[in-house]
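Chemist: One structure follows; several queries about it will come next.
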Amino acid sequence: MPDICQSCSMPMGKDPGHGGTEANGTHSAKYCSLCYRDGRFTQPAFTVAEMQSFCIDRLAEQGMPRVMGWIFTRSLPRLERWRTA
């Protein structure tokens with residue numbers, strides 16, 4: 001499995017929480033701490049399009065041009081969370 005969050009595609013090495021958490025408190029190898037806590041998604045009702053928009057907005061807040069954010073989020077529909085949705 002790639003070393004990226006399978007919900008938002010953030011590199012797991014850049015995750016400030018070092019991975020999301022499962023319901024039993026262990027770290028998730030699939031999802032980052034921004035997307036997944038206590039065994040649940042932090043934004044459970046998001047569609048893939050809403051996640052893409054959310055990620056683009058967060059990247060823009062960090063100074064990334066929106067077009068670059070769009071490029072980085074184009075592959076979100078192929079991630080595990082969205083393939084099974």
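Ordering of the structure tokens sets the chain letters (A, B, ...), residue numbers begin anew at 1 in every chain, and ligands are numbered from 1 in the order given.
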Let's see if you can do this: from backbone DSSP, list all strand (DSSP E or B) residues in chain A, as a PDB file with C-alpha atoms, in the first residue's frame.

Modeler:
```pdb
ATOM      1  CA  ILE A   4      -0.338   8.061   1.650  1.00  0.00           C
ATOM      2  CA  PRO A  11       1.825  11.625   2.684  1.00  0.00           C
ATOM      3  CA  THR A  21      -6.528   6.005  15.266  1.00  0.00           C
ATOM      4  CA  HIS A  27      -2.663   3.858  14.801  1.00  0.00           C
ATOM      5  CA  TYR A  36      -9.717   9.234  10.735  1.00  0.00           C
ATOM      6  CA  ARG A  37     -10.092   9.193  14.534  1.00  0.00           C
ATOM      7  CA  ARG A  40     -14.354   6.665  12.181  1.00  0.00           C
ATOM      8  CA  PHE A  41     -13.898   9.225   9.444  1.00  0.00           C
TER       9      PHE A  41
END
```

Chemist: Give me the residues near Thr84 (chain A) as a list in words, where near means some atom within 12 Å (using only C-alpha atoms) and where sequence neighbours in that chain fewer than 3 positions away do not count.

Modeler: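 Those residues are Gln6, Ser7, Thr47, Val48, Pro77, Arg78, Leu79, Glu80 and Arg81 of chain A.
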
Chemist: Considering only C-alpha atoms, can you say which of A:Asp38, A:Asp15, A:Asp57, A:Asp3 comes closest to Thr73 (chain A)?

Modeler: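 Looking at the shortest contact to Thr73 (chain A), the residue is A:Asp57.
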
Chemist: DSSP on the backbone, then: every residue of chain A marked alpha helix (DSSP H), written as a PDB file with C-alpha atoms, in the first residue's frame.

Modeler:
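Result saved to part28.pdb:
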```
ATOM      1  CA  VAL A  48     -15.075  12.499  -3.044  1.00  0.00           C
ATOM      2  CA  ALA A  49     -15.805  15.862  -4.706  1.00  0.00           C
ATOM      3  CA  GLU A  50     -16.264  17.491  -1.293  1.00  0.00           C
ATOM      4  CA  MET A  51     -12.992  15.965  -0.081  1.00  0.00           C
ATOM      5  CA  GLN A  52     -11.212  17.298  -3.156  1.00  0.00           C
ATOM      6  CA  SER A  53     -12.579  20.788  -2.556  1.00  0.00           C
ATOM      7  CA  PHE A  54     -11.705  20.598   1.149  1.00  0.00           C
ATOM      8  CA  CYS A  55      -8.117  19.536   0.366  1.00  0.00           C
ATOM      9  CA  ILE A  56      -7.675  22.220  -2.290  1.00  0.00           C
ATOM     10  CA  ASP A  57      -8.863  24.858   0.193  1.00  0.00           C
ATOM     11  CA  ARG A  58      -6.449  23.610   2.908  1.00  0.00           C
ATOM     12  CA  LEU A  59      -3.524  23.563   0.467  1.00  0.00           C
ATOM     13  CA  ALA A  60      -4.401  27.083  -0.726  1.00  0.00           C
ATOM     14  CA  GLU A  61      -4.389  28.267   2.912  1.00  0.00           C
ATOM     15  CA  ARG A  66      -5.225  26.220  -6.350  1.00  0.00           C
ATOM     16  CA  VAL A  67      -4.312  24.663  -9.675  1.00  0.00           C
ATOM     17  CA  MET A  68      -1.546  22.684  -7.952  1.00  0.00           C
ATOM     18  CA  GLY A  69      -4.029  21.585  -5.303  1.00  0.00           C
ATOM     19  CA  TRP A  70      -6.339  20.392  -8.057  1.00  0.00           C
ATOM     20  CA  ILE A  71      -3.488  18.407  -9.617  1.00  0.00           C
ATOM     21  CA  PHE A  72      -2.662  16.799  -6.263  1.00  0.00           C
ATOM     22  CA  THR A  73      -6.285  15.790  -5.635  1.00  0.00           C
ATOM     23  CA  GLU A  80      -9.406   2.969  -1.036  1.00  0.00           C
ATOM     24  CA  ARG A  81     -11.998   5.061   0.815  1.00  0.00           C
ATOM     25  CA  TRP A  82     -13.583   6.278  -2.385  1.00  0.00           C
ATOM     26  CA  ARG A  83     -13.369   3.059  -4.401  1.00  0.00           C
TER      27      ARG A  83
END
```
